[in-house]
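Step one of this worksheet: look at the structure below.
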Amino acid sequence: DVKVTQSSRYLVKRTGEKVFLECVQDMDHENMFWYRQDPGLGLRLIYFSYDVKMKEKGDIPEGYSVSREKKERFSLILESASTNQTSMYLCASSLLAGLREQYFGPGTRLTVT
Amino acid sequence: DAKTTQPPSMDCAEGRAANLPCNHSTISGNEYVYWYRQIHSQGPQYIIHGLKNNETNEMASLIITEDRKSSTLILPHATLRDTAVYYCIVRVGNTNAGKSTFGDGTTLTVKP
């Protein structure tokens, strides 16, 4: 079974803090993704990576950056957290581009106060 | 990627078939229809996908109309554990999957 794990289920940070969300997958998948999920807005893609050290912006990259130094790990970074970044953050991975289903982690509920 | 339209909510009796519709009238020839679901407090879970033929797996069946402008996900014998939000996504099949964004989906409530 594919396993995607995220470093925390719940996180509380203060405005202006630098926040790291970590995601690890154990199936040697090429593609990894970060989404945020908000009520009424569905899942929105922040960034994705199709290879080590490669990244592409999704639909809402502003205020975020990512890092993929190893194939199995994809980090989402909030350089200076703001209250409008309070959300559920979901990481996903997939084997190949296009015709492959994505496997999601359990999510991290981030609250910025 | 083509836009999809789903009803916001549906109810289904336990043991009966749940039929979840999705409209994707602007779908293009190389776009696939994917279905995911999200049970409360969990990440989304892949269910099934198809191009133009009907598909079936251990979880569900996918019926795609001949003109491909709509599809229906069928859970043949819904259980209480099938209560979830169901997302229909249309995505180009031979490019990176990253650009697909999930909409609001359909909240399916299975009732005893």
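By order of appearance in the structure tokens: chains A, B, ..., then residues from 1 within every chain, and ligands from 1 in the order shown.
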Need to verify the contact set: B:Thr4, 12 Å, only C-alpha atoms, exclusion of same-chain residues closer than 6 positions in sequence. Can you return it as a PyMOL selection string? chain B and resi 21-27+32-35+69-71+87-91+100-106
Would you mind listing what lies within 10 Å of A:Gly63 as a list in words, with only C-alpha atoms counted and same-chain residues fewer than 2 positions away left out? Ile46, Ile60, Pro61, Ser65, Ile77, Leu78, Glu79, Ser80, Ala81, Ser82 and Gln85 of chain A
Export all heavy atoms of the chosen residues as a PDB file, in the first residue's frame?
```pdb
ATOM      1  N   ILE A  46      -1.305  24.251  -4.616  1.00  0.00           N
ATOM      2  CA  ILE A  46      -0.353  25.309  -4.278  1.00  0.00           C
ATOM      3  C   ILE A  46       0.908  25.167  -5.148  1.00  0.00           C
ATOM      4  O   ILE A  46       1.301  26.082  -5.864  1.00  0.00           O
ATOM      5  CB  ILE A  46       0.028  25.251  -2.784  1.00  0.00           C
ATOM      6  CG1 ILE A  46      -1.220  25.336  -1.900  1.00  0.00           C
ATOM      7  CG2 ILE A  46       0.993  26.380  -2.435  1.00  0.00           C
ATOM      8  CD1 ILE A  46      -0.947  25.080  -0.426  1.00  0.00           C
ATOM      9  N   ILE A  60      -2.416  28.647  -6.556  1.00  0.00           N
ATOM     10  CA  ILE A  60      -2.320  29.668  -5.501  1.00  0.00           C
ATOM     11  C   ILE A  60      -0.956  29.619  -4.811  1.00  0.00           C
ATOM     12  O   ILE A  60      -0.836  29.369  -3.624  1.00  0.00           O
ATOM     13  CB  ILE A  60      -3.446  29.506  -4.450  1.00  0.00           C
ATOM     14  CG1 ILE A  60      -3.543  28.053  -3.942  1.00  0.00           C
ATOM     15  CG2 ILE A  60      -4.793  29.918  -5.031  1.00  0.00           C
ATOM     16  CD1 ILE A  60      -4.313  27.917  -2.656  1.00  0.00           C
ATOM     17  N   PRO A  61       0.135  29.907  -5.511  1.00  0.00           N
ATOM     18  CA  PRO A  61       1.463  29.775  -4.916  1.00  0.00           C
ATOM     19  C   PRO A  61       1.894  30.943  -4.019  1.00  0.00           C
ATOM     20  O   PRO A  61       2.878  30.829  -3.284  1.00  0.00           O
ATOM     21  CB  PRO A  61       2.364  29.698  -6.147  1.00  0.00           C
ATOM     22  CG  PRO A  61       1.649  30.523  -7.165  1.00  0.00           C
ATOM     23  CD  PRO A  61       0.176  30.282  -6.919  1.00  0.00           C
ATOM     24  N   SER A  65       6.498  28.600  -0.542  1.00  0.00           N
ATOM     25  CA  SER A  65       7.574  28.048  -1.347  1.00  0.00           C
ATOM     26  C   SER A  65       7.684  26.566  -1.023  1.00  0.00           C
ATOM     27  O   SER A  65       7.050  26.084  -0.076  1.00  0.00           O
ATOM     28  CB  SER A  65       8.902  28.774  -1.078  1.00  0.00           C
ATOM     29  OG  SER A  65       9.289  28.597   0.276  1.00  0.00           O
ATOM     30  N   ILE A  77       6.758  25.498   2.603  1.00  0.00           N
ATOM     31  CA  ILE A  77       7.297  26.507   3.509  1.00  0.00           C
ATOM     32  C   ILE A  77       6.449  27.764   3.439  1.00  0.00           C
ATOM     33  O   ILE A  77       6.162  28.268   2.348  1.00  0.00           O
ATOM     34  CB  ILE A  77       8.763  26.844   3.137  1.00  0.00           C
ATOM     35  CG1 ILE A  77       9.601  25.559   3.158  1.00  0.00           C
ATOM     36  CG2 ILE A  77       9.340  27.887   4.086  1.00  0.00           C
ATOM     37  CD1 ILE A  77      10.819  25.610   2.282  1.00  0.00           C
ATOM     38  N   LEU A  78       6.028  28.222   4.605  1.00  0.00           N
ATOM     39  CA  LEU A  78       5.365  29.517   4.731  1.00  0.00           C
ATOM     40  C   LEU A  78       6.412  30.452   5.315  1.00  0.00           C
ATOM     41  O   LEU A  78       6.790  30.327   6.478  1.00  0.00           O
ATOM     42  CB  LEU A  78       4.149  29.426   5.641  1.00  0.00           C
ATOM     43  CG  LEU A  78       2.909  28.704   5.135  1.00  0.00           C
ATOM     44  CD1 LEU A  78       3.122  27.216   4.916  1.00  0.00           C
ATOM     45  CD2 LEU A  78       1.743  28.949   6.070  1.00  0.00           C
ATOM     46  N   GLU A  79       6.941  31.354   4.486  1.00  0.00           N
ATOM     47  CA  GLU A  79       8.066  32.188   4.910  1.00  0.00           C
ATOM     48  C   GLU A  79       7.694  33.088   6.088  1.00  0.00           C
ATOM     49  O   GLU A  79       8.483  33.287   7.006  1.00  0.00           O
ATOM     50  CB  GLU A  79       8.558  33.044   3.740  1.00  0.00           C
ATOM     51  CG  GLU A  79       9.173  32.231   2.612  1.00  0.00           C
ATOM     52  CD  GLU A  79      10.529  31.629   2.980  1.00  0.00           C
ATOM     53  OE1 GLU A  79      11.170  32.119   3.941  1.00  0.00           O
ATOM     54  OE2 GLU A  79      10.953  30.665   2.326  1.00  0.00           O
ATOM     55  N   SER A  80       6.492  33.635   6.061  1.00  0.00           N
ATOM     56  CA  SER A  80       6.011  34.505   7.124  1.00  0.00           C
ATOM     57  C   SER A  80       4.504  34.274   7.246  1.00  0.00           C
ATOM     58  O   SER A  80       3.723  34.864   6.503  1.00  0.00           O
ATOM     59  CB  SER A  80       6.328  35.963   6.792  1.00  0.00           C
ATOM     60  OG  SER A  80       5.814  36.832   7.786  1.00  0.00           O
ATOM     61  N   ALA A  81       4.138  33.384   8.139  1.00  0.00           N
ATOM     62  CA  ALA A  81       2.747  32.935   8.210  1.00  0.00           C
ATOM     63  C   ALA A  81       1.793  34.101   8.476  1.00  0.00           C
ATOM     64  O   ALA A  81       2.090  35.016   9.261  1.00  0.00           O
ATOM     65  CB  ALA A  81       2.603  31.884   9.307  1.00  0.00           C
ATOM     66  N   SER A  82       0.645  34.033   7.825  1.00  0.00           N
ATOM     67  CA  SER A  82      -0.397  35.035   8.051  1.00  0.00           C
ATOM     68  C   SER A  82      -1.705  34.325   8.381  1.00  0.00           C
ATOM     69  O   SER A  82      -1.873  33.131   8.096  1.00  0.00           O
ATOM     70  CB  SER A  82      -0.578  35.909   6.805  1.00  0.00           C
ATOM     71  OG  SER A  82      -1.002  35.119   5.716  1.00  0.00           O
ATOM     72  N   GLN A  85      -3.611  32.136   6.000  1.00  0.00           N
ATOM     73  CA  GLN A  85      -3.052  30.833   5.651  1.00  0.00           C
ATOM     74  C   GLN A  85      -3.514  29.738   6.615  1.00  0.00           C
ATOM     75  O   GLN A  85      -3.068  28.585   6.520  1.00  0.00           O
ATOM     76  CB  GLN A  85      -1.521  30.889   5.590  1.00  0.00           C
ATOM     77  CG  GLN A  85      -1.028  31.755   4.437  1.00  0.00           C
ATOM     78  CD  GLN A  85       0.480  31.876   4.383  1.00  0.00           C
ATOM     79  OE1 GLN A  85       1.120  32.199   5.374  1.00  0.00           O
ATOM     80  NE2 GLN A  85       1.045  31.625   3.212  1.00  0.00           N
TER      81      GLN A  85
END
```
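Our summary of the geometry notes that atom CA of A:Gly105 is positioned 13.1 Å from atom CA of A:Glu72.
Excluding A:Cys23 and any residue on its chain fewer than 3 positions from it, the residues at most 9 Å away by only C-alpha atoms are Val4, Thr5, Gln6, Ser7, Met32, Trp34, Glu72, Arg73, Phe74, Ser75, Leu76, Leu90, Cys91, Ala92 and Gly105 of chain A.
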Fewer than 3 positions away in the same chain doesn't count, so skip those; otherwise give me all residues within 7 Å of B:Val85, counting only C-alpha atoms, as a list in words. Arg37, Gln38, Ile39, Gly105, Thr106, Thr107 and Leu108 of chain B
Chain A residues near chain B (12 Å cut-off, only C-alpha atoms) as a count of residues only: 57
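Remark: for A:Gly16, the closest of the candidate residues A:Asp28, A:Leu110, A:Thr83, A:Val66 is A:Thr83 (distances computed over only C-alpha atoms).
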